[in-house]
$ cat model34.cif   # mmCIF, N, CA and C atoms; chains and numbers go by the auth columns
data_protein
loop_
_atom_site.group_PDB
_atom_site.id
_atom_site.type_symbol
_atom_site.label_atom_id
_atom_site.label_comp_id
_atom_site.label_asym_id
_atom_site.label_seq_id
_atom_site.Cartn_x
_atom_site.Cartn_y
_atom_site.Cartn_z
_atom_site.B_iso_or_equiv
_atom_site.auth_seq_id
_atom_site.auth_asym_id
ATOM 1 N N ALA A 1 42.589 -21.549 182.962 0.00 1 A
ATOM 2 C CA ALA A 1 42.886 -20.257 183.566 0.00 1 A
ATOM 3 C C ALA A 1 44.266 -19.765 183.152 0.00 1 A
ATOM 4 N N ALA A 2 45.235 -20.654 183.043 0.00 2 A
ATOM 5 C CA ALA A 2 46.593 -20.242 182.640 0.00 2 A
ATOM 6 C C ALA A 2 46.572 -19.668 181.230 0.00 2 A
ATOM 7 N N TRP A 3 45.806 -20.271 180.345 0.00 3 A
ATOM 8 C CA TRP A 3 45.718 -19.779 178.978 0.00 3 A
ATOM 9 C C TRP A 3 45.100 -18.376 178.956 0.00 3 A
ATOM 10 N N TYR A 4 44.093 -18.163 179.774 0.00 4 A
ATOM 11 C CA TYR A 4 43.446 -16.851 179.868 0.00 4 A
ATOM 12 C C TYR A 4 44.450 -15.806 180.315 0.00 4 A
ATOM 13 N N ASP A 5 45.212 -16.111 181.350 0.00 5 A
ATOM 14 C CA ASP A 5 46.205 -15.158 181.855 0.00 5 A
ATOM 15 C C ASP A 5 47.233 -14.825 180.783 0.00 5 A
ATOM 16 N N ASP A 6 47.711 -15.818 180.046 0.00 6 A
ATOM 17 C CA ASP A 6 48.662 -15.582 178.960 0.00 6 A
ATOM 18 C C ASP A 6 48.047 -14.703 177.879 0.00 6 A
ATOM 19 N N PHE A 7 46.802 -14.965 177.560 0.00 7 A
ATOM 20 C CA PHE A 7 46.082 -14.196 176.551 0.00 7 A
ATOM 21 C C PHE A 7 45.978 -12.732 176.968 0.00 7 A
ATOM 22 N N MET A 8 45.579 -12.498 178.203 0.00 8 A
ATOM 23 C CA MET A 8 45.428 -11.119 178.681 0.00 8 A
ATOM 24 C C MET A 8 46.774 -10.408 178.760 0.00 8 A
ATOM 25 N N LYS A 9 47.832 -11.101 179.124 0.00 9 A
ATOM 26 C CA LYS A 9 49.166 -10.502 179.136 0.00 9 A
ATOM 27 C C LYS A 9 49.577 -10.083 177.733 0.00 9 A
ATOM 28 N N ALA A 10 49.267 -10.910 176.754 0.00 10 A
ATOM 29 C CA ALA A 10 49.606 -10.592 175.360 0.00 10 A
ATOM 30 C C ALA A 10 48.868 -9.351 174.872 0.00 10 A
ATOM 31 N N LEU A 11 47.718 -9.079 175.455 0.00 11 A
ATOM 32 C CA LEU A 11 46.915 -7.921 175.051 0.00 11 A
ATOM 33 C C LEU A 11 47.124 -6.709 175.961 0.00 11 A
ATOM 34 N N ALA A 12 48.086 -6.782 176.851 0.00 12 A
ATOM 35 C CA ALA A 12 48.346 -5.685 177.793 0.00 12 A
ATOM 36 C C ALA A 12 48.546 -4.376 177.020 0.00 12 A
ATOM 37 N N GLY A 13 47.880 -3.333 177.493 0.00 13 A
ATOM 38 C CA GLY A 13 47.986 -2.023 176.878 0.00 13 A
ATOM 39 C C GLY A 13 46.986 -1.787 175.763 0.00 13 A
ATOM 40 N N ILE A 14 46.233 -2.806 175.397 0.00 14 A
ATOM 41 C CA ILE A 14 45.213 -2.685 174.357 0.00 14 A
ATOM 42 C C ILE A 14 43.851 -2.744 175.034 0.00 14 A
ATOM 43 N N PRO A 15 42.968 -1.788 174.730 0.00 15 A
ATOM 44 C CA PRO A 15 41.628 -1.860 175.318 0.00 15 A
ATOM 45 C C PRO A 15 40.931 -3.157 174.870 0.00 15 A
ATOM 46 N N VAL A 16 40.466 -3.930 175.827 0.00 16 A
ATOM 47 C CA VAL A 16 39.851 -5.222 175.537 0.00 16 A
ATOM 48 C C VAL A 16 38.493 -5.307 176.216 0.00 16 A
ATOM 49 N N VAL A 17 37.512 -5.783 175.485 0.00 17 A
ATOM 50 C CA VAL A 17 36.215 -6.135 176.053 0.00 17 A
ATOM 51 C C VAL A 17 36.051 -7.623 175.815 0.00 17 A
ATOM 52 N N SER A 18 35.927 -8.358 176.872 0.00 18 A
ATOM 53 C CA SER A 18 35.793 -9.814 176.785 0.00 18 A
ATOM 54 C C SER A 18 34.309 -10.175 176.776 0.00 18 A
ATOM 55 N N VAL A 19 33.881 -10.822 175.691 0.00 19 A
ATOM 56 C CA VAL A 19 32.483 -11.187 175.527 0.00 19 A
ATOM 57 C C VAL A 19 32.373 -12.715 175.525 0.00 19 A
ATOM 58 N N GLY A 20 31.626 -13.242 176.474 0.00 20 A
ATOM 59 C CA GLY A 20 31.366 -14.682 176.526 0.00 20 A
ATOM 60 C C GLY A 20 30.098 -14.974 175.762 0.00 20 A
ATOM 61 N N VAL A 21 30.206 -15.817 174.744 0.00 21 A
ATOM 62 C CA VAL A 21 29.058 -16.184 173.925 0.00 21 A
ATOM 63 C C VAL A 21 28.671 -17.609 174.303 0.00 21 A
ATOM 64 N N THR A 22 27.487 -17.755 174.874 0.00 22 A
ATOM 65 C CA THR A 22 27.050 -19.044 175.391 0.00 22 A
ATOM 66 C C THR A 22 25.700 -19.443 174.814 0.00 22 A
ATOM 67 N N ALA A 23 25.348 -20.683 175.057 0.00 23 A
ATOM 68 C CA ALA A 23 24.021 -21.209 174.734 0.00 23 A
ATOM 69 C C ALA A 23 23.812 -22.425 175.635 0.00 23 A
ATOM 70 N N SER A 24 22.577 -22.823 175.776 0.00 24 A
ATOM 71 C CA SER A 24 22.282 -24.009 176.578 0.00 24 A
ATOM 72 C C SER A 24 22.780 -25.254 175.839 0.00 24 A
ATOM 73 N N LEU A 25 23.022 -26.311 176.591 0.00 25 A
ATOM 74 C CA LEU A 25 23.506 -27.547 175.988 0.00 25 A
ATOM 75 C C LEU A 25 22.556 -28.087 174.912 0.00 25 A
ATOM 76 N N PRO A 26 21.239 -28.106 175.131 0.00 26 A
ATOM 77 C CA PRO A 26 20.365 -28.606 174.060 0.00 26 A
ATOM 78 C C PRO A 26 20.493 -27.811 172.757 0.00 26 A
ATOM 79 N N VAL A 27 20.623 -26.502 172.874 0.00 27 A
ATOM 80 C CA VAL A 27 20.772 -25.664 171.677 0.00 27 A
ATOM 81 C C VAL A 27 22.112 -25.952 171.001 0.00 27 A
ATOM 82 N N ILE A 28 23.160 -26.066 171.780 0.00 28 A
ATOM 83 C CA ILE A 28 24.478 -26.353 171.208 0.00 28 A
ATOM 84 C C ILE A 28 24.480 -27.723 170.531 0.00 28 A
ATOM 85 N N GLU A 29 23.851 -28.705 171.158 0.00 29 A
ATOM 86 C CA GLU A 29 23.794 -30.030 170.544 0.00 29 A
ATOM 87 C C GLU A 29 22.991 -30.013 169.241 0.00 29 A
ATOM 88 N N GLN A 30 21.923 -29.235 169.200 0.00 30 A
ATOM 89 C CA GLN A 30 21.133 -29.111 167.968 0.00 30 A
ATOM 90 C C GLN A 30 21.985 -28.465 166.872 0.00 30 A
ATOM 91 N N ARG A 31 22.728 -27.422 167.206 0.00 31 A
ATOM 92 C CA ARG A 31 23.602 -26.762 166.228 0.00 31 A
ATOM 93 C C ARG A 31 24.704 -27.711 165.770 0.00 31 A
ATOM 94 N N GLU A 32 25.234 -28.494 166.686 0.00 32 A
ATOM 95 C CA GLU A 32 26.276 -29.466 166.352 0.00 32 A
ATOM 96 C C GLU A 32 25.754 -30.462 165.302 0.00 32 A
ATOM 97 N N LYS A 33 24.529 -30.942 165.501 0.00 33 A
ATOM 98 C CA LYS A 33 23.929 -31.884 164.543 0.00 33 A
ATOM 99 C C LYS A 33 23.715 -31.224 163.184 0.00 33 A
ATOM 100 N N MET A 34 23.209 -29.985 163.194 0.00 34 A
ATOM 101 C CA MET A 34 22.939 -29.279 161.939 0.00 34 A
ATOM 102 C C MET A 34 24.227 -29.033 161.150 0.00 34 A
ATOM 103 N N ARG A 35 25.295 -28.674 161.840 0.00 35 A
ATOM 104 C CA ARG A 35 26.559 -28.368 161.157 0.00 35 A
ATOM 105 C C ARG A 35 27.283 -29.632 160.704 0.00 35 A
ATOM 106 N N ALA A 36 27.189 -30.671 161.505 0.00 36 A
ATOM 107 C CA ALA A 36 27.870 -31.945 161.205 0.00 36 A
ATOM 108 C C ALA A 36 29.359 -31.735 160.932 0.00 36 A
ATOM 109 N N THR A 37 29.990 -30.846 161.702 0.00 37 A
ATOM 110 C CA THR A 37 31.417 -30.568 161.519 0.00 37 A
ATOM 111 C C THR A 37 32.287 -31.181 162.607 0.00 37 A
ATOM 112 N N SER A 38 31.664 -31.767 163.614 0.00 38 A
ATOM 113 C CA SER A 38 32.420 -32.435 164.672 0.00 38 A
ATOM 114 C C SER A 38 31.664 -33.698 165.060 0.00 38 A
ATOM 115 N N PRO A 39 32.362 -34.624 165.689 0.00 39 A
ATOM 116 C CA PRO A 39 31.689 -35.870 166.075 0.00 39 A
ATOM 117 C C PRO A 39 30.530 -35.601 167.035 0.00 39 A
ATOM 118 N N GLU A 40 29.446 -36.343 166.869 0.00 40 A
ATOM 119 C CA GLU A 40 28.314 -36.188 167.775 0.00 40 A
ATOM 120 C C GLU A 40 28.768 -36.453 169.201 0.00 40 A
ATOM 121 N N GLY A 41 28.378 -35.572 170.110 0.00 41 A
ATOM 122 C CA GLY A 41 28.780 -35.686 171.508 0.00 41 A
ATOM 123 C C GLY A 41 29.948 -34.790 171.880 0.00 41 A
ATOM 124 N N HIS A 42 30.598 -34.195 170.878 0.00 42 A
ATOM 125 C CA HIS A 42 31.735 -33.318 171.182 0.00 42 A
ATOM 126 C C HIS A 42 31.300 -32.124 172.033 0.00 42 A
ATOM 127 N N ALA A 43 30.193 -31.505 171.669 0.00 43 A
ATOM 128 C CA ALA A 43 29.702 -30.349 172.425 0.00 43 A
ATOM 129 C C ALA A 43 29.460 -30.712 173.882 0.00 43 A
ATOM 130 N N ARG A 44 28.827 -31.839 174.110 0.00 44 A
ATOM 131 C CA ARG A 44 28.543 -32.284 175.478 0.00 44 A
ATOM 132 C C ARG A 44 29.845 -32.522 176.242 0.00 44 A
ATOM 133 N N SER A 45 30.852 -33.052 175.566 0.00 45 A
ATOM 134 C CA SER A 45 32.099 -33.408 176.245 0.00 45 A
ATOM 135 C C SER A 45 32.892 -32.192 176.719 0.00 45 A
ATOM 136 N N VAL A 46 32.692 -31.035 176.086 0.00 46 A
ATOM 137 C CA VAL A 46 33.451 -29.843 176.478 0.00 46 A
ATOM 138 C C VAL A 46 32.581 -28.762 177.120 0.00 46 A
ATOM 139 N N TYR A 47 31.277 -28.997 177.181 0.00 47 A
ATOM 140 C CA TYR A 47 30.334 -27.961 177.619 0.00 47 A
ATOM 141 C C TYR A 47 30.671 -27.357 178.981 0.00 47 A
ATOM 142 N N ASP A 48 30.987 -28.183 179.955 0.00 48 A
ATOM 143 C CA ASP A 48 31.216 -27.684 181.314 0.00 48 A
ATOM 144 C C ASP A 48 32.563 -26.997 181.492 0.00 48 A
ATOM 145 N N MET A 49 33.480 -27.164 180.548 0.00 49 A
ATOM 146 C CA MET A 49 34.809 -26.588 180.761 0.00 49 A
ATOM 147 C C MET A 49 35.198 -25.497 179.776 0.00 49 A
ATOM 148 N N VAL A 50 34.438 -25.309 178.727 0.00 50 A
ATOM 149 C CA VAL A 50 34.866 -24.388 177.675 0.00 50 A
ATOM 150 C C VAL A 50 34.998 -22.936 178.174 0.00 50 A
ATOM 151 N N HIS A 51 34.202 -22.529 179.132 0.00 51 A
ATOM 152 C CA HIS A 51 34.278 -21.160 179.663 0.00 51 A
ATOM 153 C C HIS A 51 34.965 -21.096 181.028 0.00 51 A
ATOM 154 N N LYS A 52 35.390 -22.235 181.522 0.00 52 A
ATOM 155 C CA LYS A 52 36.003 -22.304 182.855 0.00 52 A
ATOM 156 C C LYS A 52 37.280 -21.460 182.906 0.00 52 A
ATOM 157 N N GLY A 53 37.349 -20.582 183.908 0.00 53 A
ATOM 158 C CA GLY A 53 38.527 -19.747 184.092 0.00 53 A
ATOM 159 C C GLY A 53 38.495 -18.432 183.337 0.00 53 A
ATOM 160 N N TRP A 54 37.495 -18.238 182.505 0.00 54 A
ATOM 161 C CA TRP A 54 37.391 -16.984 181.758 0.00 54 A
ATOM 162 C C TRP A 54 36.579 -15.973 182.560 0.00 54 A
ATOM 163 N N LYS A 55 36.948 -14.711 182.415 0.00 55 A
ATOM 164 C CA LYS A 55 36.231 -13.604 183.059 0.00 55 A
ATOM 165 C C LYS A 55 35.712 -12.717 181.942 0.00 55 A
ATOM 166 N N TYR A 56 34.420 -12.501 181.928 0.00 56 A
ATOM 167 C CA TYR A 56 33.803 -11.741 180.843 0.00 56 A
ATOM 168 C C TYR A 56 33.287 -10.398 181.330 0.00 56 A
ATOM 169 N N ASP A 57 33.419 -9.407 180.459 0.00 57 A
ATOM 170 C CA ASP A 57 32.805 -8.106 180.707 0.00 57 A
ATOM 171 C C ASP A 57 31.319 -8.167 180.359 0.00 57 A
ATOM 172 N N LEU A 58 30.995 -8.967 179.374 0.00 58 A
ATOM 173 C CA LEU A 58 29.621 -9.090 178.884 0.00 58 A
ATOM 174 C C LEU A 58 29.385 -10.546 178.520 0.00 58 A
ATOM 175 N N GLU A 59 28.242 -11.082 178.926 0.00 59 A
ATOM 176 C CA GLU A 59 27.880 -12.443 178.541 0.00 59 A
ATOM 177 C C GLU A 59 26.623 -12.396 177.685 0.00 59 A
ATOM 178 N N ILE A 60 26.682 -13.111 176.578 0.00 60 A
ATOM 179 C CA ILE A 60 25.579 -13.168 175.622 0.00 60 A
ATOM 180 C C ILE A 60 25.129 -14.617 175.519 0.00 60 A
ATOM 181 N N ASN A 61 23.850 -14.879 175.782 0.00 61 A
ATOM 182 C CA ASN A 61 23.298 -16.211 175.608 0.00 61 A
ATOM 183 C C ASN A 61 22.547 -16.207 174.279 0.00 61 A
ATOM 184 N N THR A 62 22.973 -17.053 173.351 0.00 62 A
ATOM 185 C CA THR A 62 22.426 -17.027 172.002 0.00 62 A
ATOM 186 C C THR A 62 21.220 -17.943 171.794 0.00 62 A
ATOM 187 N N ASP A 63 20.686 -18.501 172.875 0.00 63 A
ATOM 188 C CA ASP A 63 19.528 -19.390 172.731 0.00 63 A
ATOM 189 C C ASP A 63 18.380 -18.729 171.971 0.00 63 A
ATOM 190 N N GLU A 64 18.077 -17.495 172.303 0.00 64 A
ATOM 191 C CA GLU A 64 16.904 -16.850 171.718 0.00 64 A
ATOM 192 C C GLU A 64 17.239 -15.516 171.069 0.00 64 A
ATOM 193 N N MET A 65 18.517 -15.274 170.812 0.00 65 A
ATOM 194 C CA MET A 65 18.913 -14.011 170.183 0.00 65 A
ATOM 195 C C MET A 65 19.419 -14.283 168.773 0.00 65 A
ATOM 196 N N ASN A 66 19.001 -13.448 167.833 0.00 66 A
ATOM 197 C CA ASN A 66 19.524 -13.578 166.483 0.00 66 A
ATOM 198 C C ASN A 66 20.794 -12.714 166.367 0.00 66 A
ATOM 199 N N PRO A 67 21.553 -12.864 165.301 0.00 67 A
ATOM 200 C CA PRO A 67 22.806 -12.103 165.182 0.00 67 A
ATOM 201 C C PRO A 67 22.643 -10.585 165.313 0.00 67 A
ATOM 202 N N ASP A 68 21.560 -10.031 164.788 0.00 68 A
ATOM 203 C CA ASP A 68 21.348 -8.582 164.916 0.00 68 A
ATOM 204 C C ASP A 68 21.142 -8.179 166.373 0.00 68 A
ATOM 205 N N GLN A 69 20.396 -8.971 167.121 0.00 69 A
ATOM 206 C CA GLN A 69 20.177 -8.676 168.539 0.00 69 A
ATOM 207 C C GLN A 69 21.486 -8.786 169.323 0.00 69 A
ATOM 208 N N ILE A 70 22.292 -9.753 168.979 0.00 70 A
ATOM 209 C CA ILE A 70 23.587 -9.918 169.642 0.00 70 A
ATOM 210 C C ILE A 70 24.471 -8.712 169.360 0.00 70 A
ATOM 211 N N ALA A 71 24.518 -8.299 168.103 0.00 71 A
ATOM 212 C CA ALA A 71 25.313 -7.123 167.738 0.00 71 A
ATOM 213 C C ALA A 71 24.810 -5.887 168.473 0.00 71 A
ATOM 214 N N ASP A 72 23.495 -5.736 168.582 0.00 72 A
ATOM 215 C CA ASP A 72 22.923 -4.596 169.308 0.00 72 A
ATOM 216 C C ASP A 72 23.322 -4.626 170.776 0.00 72 A
ATOM 217 N N ALA A 73 23.294 -5.798 171.400 0.00 73 A
ATOM 218 C CA ALA A 73 23.669 -5.913 172.815 0.00 73 A
ATOM 219 C C ALA A 73 25.131 -5.512 173.018 0.00 73 A
ATOM 220 N N ILE A 74 25.999 -5.943 172.118 0.00 74 A
ATOM 221 C CA ILE A 74 27.413 -5.584 172.219 0.00 74 A
ATOM 222 C C ILE A 74 27.591 -4.089 171.988 0.00 74 A
ATOM 223 N N GLU A 75 26.902 -3.546 170.995 0.00 75 A
ATOM 224 C CA GLU A 75 26.976 -2.118 170.717 0.00 75 A
ATOM 225 C C GLU A 75 26.504 -1.294 171.914 0.00 75 A
ATOM 226 N N GLN A 76 25.416 -1.713 172.548 0.00 76 A
ATOM 227 C CA GLN A 76 24.906 -1.010 173.731 0.00 76 A
ATOM 228 C C GLN A 76 25.909 -1.069 174.864 0.00 76 A
ATOM 229 N N TYR A 77 26.534 -2.211 175.049 0.00 77 A
ATOM 230 C CA TYR A 77 27.547 -2.332 176.099 0.00 77 A
ATOM 231 C C TYR A 77 28.704 -1.381 175.824 0.00 77 A
ATOM 232 N N LEU A 78 29.161 -1.342 174.607 0.00 78 A
ATOM 233 C CA LEU A 78 30.295 -0.479 174.261 0.00 78 A
ATOM 234 C C LEU A 78 29.953 1.001 174.378 0.00 78 A
ATOM 235 N N ALA A 79 28.691 1.339 174.175 0.00 79 A
ATOM 236 C CA ALA A 79 28.263 2.738 174.261 0.00 79 A
ATOM 237 C C ALA A 79 28.289 3.258 175.701 0.00 79 A
ATOM 238 N N ARG A 80 28.248 2.337 176.676 0.00 80 A
ATOM 239 C CA ARG A 80 28.253 2.753 178.083 0.00 80 A
ATOM 240 C C ARG A 80 29.569 3.256 178.472 0.00 80 A
#
$ encode --input "model34.cif" --output "structure tokens"
Amino acid sequence: AAWYDDFMKALAGIPVVSVGVTASLPVIEQREKMRATSPEGHARSVYDMVHKGWKYDLEINTDEMNPDQIADAIEQYLAR
């Protein structure tokens, strides 16, 4: 939470839309295996805390959305 507050203070005066990009743990673990860029189990070890303390204007769950659908959802949000 302290890091979030510092981040938002640094952006004071700039229009900001905070977008939380999430996925279920099984999907994240599958992506972790496919990428092989971090030790196995890293995703599980940070899953419960990675979004803790953040406040989002829009939350996107990428389990079943492709990049175009995600971009469309963000565009629709911004159009409001």
$ residues_around --input "model34.cif" --residues "Ser45 (chain A)" --least-positions-apart "5" --cutoff "12 Å" --atoms "only C-alpha atoms" --output "list of chain:residue names"
A:Leu25, A:Ile28, A:Glu29, A:Ser38, A:Pro39, A:Glu40, A:Val50
$ resolve_selection --input "model34.cif" --expression "the PyMOL selection byres (((chain A and resi 10-24 and name CA) around 7) and name CA)" --output "list in words"
Asp6, Phe7, Met8, Lys9, Leu25, Pro26, Val27, Ile28, Tyr56, Asp57, Leu58, Glu59, Ile60, Asn61, Thr62 and Asp63 of chain A
$ select_by_dssp --input "model34.cif" --residues "region 1-78 of chain A" --states "alpha helix (DSSP H)" --output "VMD selection string"
chain A and resid 2 to 10 25 to 35 42 to 46 67 to 78
$ atom_distance --input "model34.cif" --atom1 "atom N of Arg31 (chain A)" --atom2 "CA of Arg44 (chain A)"
11.2 Å
$ select_by_dssp --input "model34.cif" --residues "region 7-77 of chain A" --states "strand (DSSP E)" --output "PyMOL selection string"
chain A and resi 19-22+58-61
